[in-house]
Amino acid sequence: MKTPGEVLREGELEKRSDSLFQLWKKKRGVLTPDRLRLFPAGPGARPKELRFHSILKVDCVERTGKYVYFTIVTTDRKEIDFRCAGESCWNAAITLALIDFQNRRALEDFRSRQERAAPAAQPEPGAARAP
């Protein structure tokens with residue numbers, strides 16, 4: 001099982017800014033089983049985190065020449081645009097990590113529901129059994 005701090009992928013990708021000019025800014029991405037961290041190019045700047053519990057999907061994947069463009073859609077429907085070198089496959093790595101996270105969370109929810117339902121299904125000690 002993957003640990004939350006385990007690094008699945010690390011390298012360069014670019015994020016489109018929210019500014020008026022929408023410039024592409026280089027970031028160092030660090031992908032773990034539960035989040036994507038984006039470190040700015042400048043030293044000492046704090047990273048931004050996209051936690052998988054707040055990501056809905058990776059969408060709009062398009063390959064053009066040397067770049068792959070993709071969009072991360074958050075649970076509040078915010079869209080964040082990225083691009084990466086075609087051979088780096090960041091979009092695939094993020095998608096697979098997100099699916100793995102969602103599967104683990106679904107299993108945890110299922111087990112939790114089973115554990116809550118199990119005591120109700122057990123007869124109480126000393127209760128009469130039907131013949």
# chains A, B, ... in the order shown; residues from 1 in each chain; ligands from 1
>>> residues_around(residues="A:Gly65", least_positions_apart="6", cutoff="12 Å", atoms="only C-alpha atoms", output="VMD selection string")
chain A and resid 83 to 87
>>> write_last_selection(atoms="all heavy atoms", output="JSON list (two decimals), in the first residue's frame")
[["chain", "number", "residue", "atom", "x", "y", "z"],
["A", 83, "ARG", "N", 0.26, 22.41, -18.56],
["A", 83, "ARG", "CA", 0.87, 21.80, -19.73],
["A", 83, "ARG", "C", 2.20, 21.19, -19.30],
["A", 83, "ARG", "O", 2.81, 21.62, -18.32],
["A", 83, "ARG", "CB", 1.04, 22.79, -20.88],
["A", 83, "ARG", "CG", 2.15, 23.79, -20.72],
["A", 83, "ARG", "CD", 2.24, 24.69, -21.94],
["A", 83, "ARG", "NE", 3.35, 25.63, -21.78],
["A", 83, "ARG", "CZ", 3.61, 26.60, -22.63],
["A", 83, "ARG", "NH1", 2.85, 26.78, -23.69],
["A", 83, "ARG", "NH2", 4.63, 27.40, -22.42],
["A", 84, "CYS", "N", 2.61, 20.18, -20.04],
["A", 84, "CYS", "CA", 3.87, 19.51, -19.73],
["A", 84, "CYS", "C", 4.47, 19.02, -21.04],
["A", 84, "CYS", "O", 3.78, 18.93, -22.06],
["A", 84, "CYS", "CB", 3.65, 18.35, -18.77],
["A", 84, "CYS", "SG", 2.54, 17.08, -19.38],
["A", 85, "ALA", "N", 5.73, 18.70, -20.99],
["A", 85, "ALA", "CA", 6.39, 18.11, -22.16],
["A", 85, "ALA", "C", 5.69, 16.80, -22.49],
["A", 85, "ALA", "O", 5.30, 16.04, -21.60],
["A", 85, "ALA", "CB", 7.86, 17.88, -21.86],
["A", 86, "GLY", "N", 5.49, 16.55, -23.77],
["A", 86, "GLY", "CA", 4.74, 15.39, -24.22],
["A", 86, "GLY", "C", 5.21, 14.07, -23.65],
["A", 86, "GLY", "O", 4.42, 13.20, -23.31],
["A", 87, "GLU", "N", 6.53, 13.91, -23.51],
["A", 87, "GLU", "CA", 7.06, 12.63, -23.03],
["A", 87, "GLU", "C", 6.98, 12.48, -21.51],
["A", 87, "GLU", "O", 7.21, 11.41, -20.98],
["A", 87, "GLU", "CB", 8.51, 12.44, -23.50],
["A", 87, "GLU", "CG", 9.51, 13.41, -22.92],
["A", 87, "GLU", "CD", 9.60, 14.76, -23.62],
["A", 87, "GLU", "OE1", 8.91, 14.95, -24.64],
["A", 87, "GLU", "OE2", 10.33, 15.63, -23.14]]
>>> select_by_dssp(residues="stretch 32-120 of chain A", states="helix (DSSP H, G or I)", output="JSON, numbers by chain")
{"A": [52, 53, 54, 86, 87, 88, 90, 91, 92, 93, 94, 95, 96, 97, 98, 99, 100, 101, 102, 103, 104, 105, 106, 107, 108, 109, 110, 111, 112, 113, 114, 115, 116, 117, 118, 119, 120]}
>>> residues_around(residues="A:Trp90", least_positions_apart="6", cutoff="10 Å", atoms="only C-alpha atoms", output="PDB file with all heavy atoms, in the first residue's frame")
ATOM      1  N   ARG A   9       5.912  10.866  -8.502  1.00  0.00           N
ATOM      2  CA  ARG A   9       6.524  11.548  -9.646  1.00  0.00           C
ATOM      3  C   ARG A   9       6.966  12.928  -9.201  1.00  0.00           C
ATOM      4  O   ARG A   9       6.315  13.573  -8.397  1.00  0.00           O
ATOM      5  CB  ARG A   9       5.538  11.670 -10.792  1.00  0.00           C
ATOM      6  CG  ARG A   9       6.092  12.423 -11.996  1.00  0.00           C
ATOM      7  CD  ARG A   9       5.111  12.415 -13.131  1.00  0.00           C
ATOM      8  NE  ARG A   9       5.043  11.087 -13.708  1.00  0.00           N
ATOM      9  CZ  ARG A   9       5.640  10.721 -14.842  1.00  0.00           C
ATOM     10  NH1 ARG A   9       6.330  11.595 -15.522  1.00  0.00           N
ATOM     11  NH2 ARG A   9       5.537   9.504 -15.303  1.00  0.00           N
ATOM     12  N   GLU A  10       8.057  13.361  -9.778  1.00  0.00           N
ATOM     13  CA  GLU A  10       8.569  14.692  -9.483  1.00  0.00           C
ATOM     14  C   GLU A  10       9.189  15.243 -10.753  1.00  0.00           C
ATOM     15  O   GLU A  10       9.846  14.520 -11.487  1.00  0.00           O
ATOM     16  CB  GLU A  10       9.621  14.609  -8.370  1.00  0.00           C
ATOM     17  CG  GLU A  10      10.096  15.931  -7.876  1.00  0.00           C
ATOM     18  CD  GLU A  10      10.992  15.794  -6.648  1.00  0.00           C
ATOM     19  OE1 GLU A  10      11.160  14.680  -6.124  1.00  0.00           O
ATOM     20  OE2 GLU A  10      11.522  16.829  -6.227  1.00  0.00           O
ATOM     21  N   GLY A  11       8.937  16.520 -11.033  1.00  0.00           N
ATOM     22  CA  GLY A  11       9.511  17.115 -12.225  1.00  0.00           C
ATOM     23  C   GLY A  11       8.820  18.418 -12.592  1.00  0.00           C
ATOM     24  O   GLY A  11       8.011  18.951 -11.829  1.00  0.00           O
ATOM     25  N   GLU A  12       9.116  18.881 -13.785  1.00  0.00           N
ATOM     26  CA  GLU A  12       8.607  20.174 -14.218  1.00  0.00           C
ATOM     27  C   GLU A  12       7.288  20.055 -14.965  1.00  0.00           C
ATOM     28  O   GLU A  12       7.100  19.163 -15.790  1.00  0.00           O
ATOM     29  CB  GLU A  12       9.636  20.846 -15.130  1.00  0.00           C
ATOM     30  CG  GLU A  12       9.240  22.240 -15.550  1.00  0.00           C
ATOM     31  CD  GLU A  12      10.284  22.880 -16.446  1.00  0.00           C
ATOM     32  OE1 GLU A  12      11.354  23.230 -15.929  1.00  0.00           O
ATOM     33  OE2 GLU A  12      10.010  23.021 -17.653  1.00  0.00           O
ATOM     34  N   LEU A  13       6.384  20.948 -14.631  1.00  0.00           N
ATOM     35  CA  LEU A  13       5.183  21.165 -15.413  1.00  0.00           C
ATOM     36  C   LEU A  13       4.858  22.640 -15.327  1.00  0.00           C
ATOM     37  O   LEU A  13       5.439  23.369 -14.530  1.00  0.00           O
ATOM     38  CB  LEU A  13       4.028  20.272 -14.983  1.00  0.00           C
ATOM     39  CG  LEU A  13       3.305  20.496 -13.683  1.00  0.00           C
ATOM     40  CD1 LEU A  13       1.929  19.850 -13.777  1.00  0.00           C
ATOM     41  CD2 LEU A  13       4.038  19.845 -12.547  1.00  0.00           C
ATOM     42  N   GLY A  29       6.621  20.043  -9.865  1.00  0.00           N
ATOM     43  CA  GLY A  29       5.508  19.264  -9.334  1.00  0.00           C
ATOM     44  C   GLY A  29       6.003  18.063  -8.559  1.00  0.00           C
ATOM     45  O   GLY A  29       6.983  17.419  -8.951  1.00  0.00           O
ATOM     46  N   LEU A  31       4.143  14.697  -7.025  1.00  0.00           N
ATOM     47  CA  LEU A  31       2.906  13.922  -6.952  1.00  0.00           C
ATOM     48  C   LEU A  31       3.057  12.826  -5.904  1.00  0.00           C
ATOM     49  O   LEU A  31       4.021  12.063  -5.924  1.00  0.00           O
ATOM     50  CB  LEU A  31       2.620  13.304  -8.318  1.00  0.00           C
ATOM     51  CG  LEU A  31       1.361  12.476  -8.465  1.00  0.00           C
ATOM     52  CD1 LEU A  31       0.114  13.337  -8.260  1.00  0.00           C
ATOM     53  CD2 LEU A  31       1.334  11.805  -9.831  1.00  0.00           C
ATOM     54  N   VAL A  68       1.643  18.566 -23.881  1.00  0.00           N
ATOM     55  CA  VAL A  68       0.337  17.985 -23.575  1.00  0.00           C
ATOM     56  C   VAL A  68      -0.343  18.980 -22.650  1.00  0.00           C
ATOM     57  O   VAL A  68       0.231  19.398 -21.640  1.00  0.00           O
ATOM     58  CB  VAL A  68       0.465  16.607 -22.883  1.00  0.00           C
ATOM     59  CG1 VAL A  68      -0.889  16.117 -22.403  1.00  0.00           C
ATOM     60  CG2 VAL A  68       1.092  15.596 -23.827  1.00  0.00           C
ATOM     61  N   TYR A  69      -1.546  19.391 -23.015  1.00  0.00           N
ATOM     62  CA  TYR A  69      -2.335  20.332 -22.217  1.00  0.00           C
ATOM     63  C   TYR A  69      -3.428  19.548 -21.505  1.00  0.00           C
ATOM     64  O   TYR A  69      -4.035  18.660 -22.098  1.00  0.00           O
ATOM     65  CB  TYR A  69      -2.982  21.391 -23.117  1.00  0.00           C
ATOM     66  CG  TYR A  69      -1.989  22.277 -23.816  1.00  0.00           C
ATOM     67  CD1 TYR A  69      -1.370  21.877 -25.001  1.00  0.00           C
ATOM     68  CD2 TYR A  69      -1.652  23.512 -23.283  1.00  0.00           C
ATOM     69  CE1 TYR A  69      -0.444  22.696 -25.635  1.00  0.00           C
ATOM     70  CE2 TYR A  69      -0.725  24.336 -23.915  1.00  0.00           C
ATOM     71  CZ  TYR A  69      -0.125  23.915 -25.091  1.00  0.00           C
ATOM     72  OH  TYR A  69       0.789  24.728 -25.705  1.00  0.00           O
ATOM     73  N   PHE A  70      -3.673  19.881 -20.240  1.00  0.00           N
ATOM     74  CA  PHE A  70      -4.753  19.221 -19.509  1.00  0.00           C
ATOM     75  C   PHE A  70      -5.297  20.164 -18.447  1.00  0.00           C
ATOM     76  O   PHE A  70      -4.656  21.138 -18.062  1.00  0.00           O
ATOM     77  CB  PHE A  70      -4.302  17.893 -18.901  1.00  0.00           C
ATOM     78  CG  PHE A  70      -3.172  17.983 -17.912  1.00  0.00           C
ATOM     79  CD1 PHE A  70      -3.431  18.013 -16.547  1.00  0.00           C
ATOM     80  CD2 PHE A  70      -1.851  18.012 -18.332  1.00  0.00           C
ATOM     81  CE1 PHE A  70      -2.387  18.075 -15.620  1.00  0.00           C
ATOM     82  CE2 PHE A  70      -0.805  18.075 -17.425  1.00  0.00           C
ATOM     83  CZ  PHE A  70      -1.073  18.109 -16.071  1.00  0.00           C
ATOM     84  N   PHE A  82      -2.938  23.164 -17.091  1.00  0.00           N
ATOM     85  CA  PHE A  82      -1.537  22.769 -17.026  1.00  0.00           C
ATOM     86  C   PHE A  82      -1.061  22.376 -18.406  1.00  0.00           C
ATOM     87  O   PHE A  82      -1.853  22.025 -19.267  1.00  0.00           O
ATOM     88  CB  PHE A  82      -1.348  21.560 -16.097  1.00  0.00           C
ATOM     89  CG  PHE A  82      -1.601  21.843 -14.656  1.00  0.00           C
ATOM     90  CD1 PHE A  82      -2.862  21.679 -14.113  1.00  0.00           C
ATOM     91  CD2 PHE A  82      -0.574  22.270 -13.832  1.00  0.00           C
ATOM     92  CE1 PHE A  82      -3.097  21.940 -12.773  1.00  0.00           C
ATOM     93  CE2 PHE A  82      -0.801  22.531 -12.490  1.00  0.00           C
ATOM     94  CZ  PHE A  82      -2.067  22.361 -11.959  1.00  0.00           C
ATOM     95  N   ARG A  83       0.259  22.409 -18.563  1.00  0.00           N
ATOM     96  CA  ARG A  83       0.873  21.795 -19.735  1.00  0.00           C
ATOM     97  C   ARG A  83       2.199  21.194 -19.298  1.00  0.00           C
ATOM     98  O   ARG A  83       2.811  21.624 -18.318  1.00  0.00           O
ATOM     99  CB  ARG A  83       1.043  22.786 -20.880  1.00  0.00           C
ATOM    100  CG  ARG A  83       2.150  23.786 -20.721  1.00  0.00           C
ATOM    101  CD  ARG A  83       2.241  24.690 -21.940  1.00  0.00           C
ATOM    102  NE  ARG A  83       3.348  25.628 -21.785  1.00  0.00           N
ATOM    103  CZ  ARG A  83       3.612  26.596 -22.625  1.00  0.00           C
ATOM    104  NH1 ARG A  83       2.848  26.779 -23.690  1.00  0.00           N
ATOM    105  NH2 ARG A  83       4.635  27.399 -22.415  1.00  0.00           N
ATOM    106  N   CYS A  84       2.615  20.184 -20.036  1.00  0.00           N
ATOM    107  CA  CYS A  84       3.874  19.510 -19.731  1.00  0.00           C
ATOM    108  C   CYS A  84       4.472  19.019 -21.038  1.00  0.00           C
ATOM    109  O   CYS A  84       3.785  18.928 -22.060  1.00  0.00           O
ATOM    110  CB  CYS A  84       3.653  18.355 -18.766  1.00  0.00           C
ATOM    111  SG  CYS A  84       2.539  17.079 -19.378  1.00  0.00           S
ATOM    112  N   LEU A  96      -3.961   8.524 -12.866  1.00  0.00           N
ATOM    113  CA  LEU A  96      -3.838   7.219 -12.200  1.00  0.00           C
ATOM    114  C   LEU A  96      -3.777   7.365 -10.679  1.00  0.00           C
ATOM    115  O   LEU A  96      -4.399   6.583  -9.947  1.00  0.00           O
ATOM    116  CB  LEU A  96      -2.617   6.466 -12.715  1.00  0.00           C
ATOM    117  CG  LEU A  96      -2.724   5.975 -14.159  1.00  0.00           C
ATOM    118  CD1 LEU A  96      -1.397   5.398 -14.627  1.00  0.00           C
ATOM    119  CD2 LEU A  96      -3.838   4.950 -14.298  1.00  0.00           C
TER     120      LEU A  96
END
>>> select_by_dssp(residues="chain A", states="strand (DSSP E)", output="PyMOL selection string")
chain A and resi 9-16+24-32+35-40+48-51+55-64+67-74+79-85
>>> residues_around(residues="stretch 45-47 of chain A", least_positions_apart="2", cutoff="10 Å", atoms="only C-alpha atoms", output="VMD selection string")
chain A and resid 27 to 30 36 to 43 49 to 50
>>> residues_around(residues="A:Lys57", least_positions_apart="4", cutoff="8 Å", atoms="only C-alpha atoms", output="list in words")
Ile72, Val73, Thr74, Thr95 and Leu98 of chain A
>>> closest_residue(among="A:His53, A:Lys66, A:Ile80, A:Ser88", to="A:Arg105", atoms="only C-alpha atoms")
A:His53
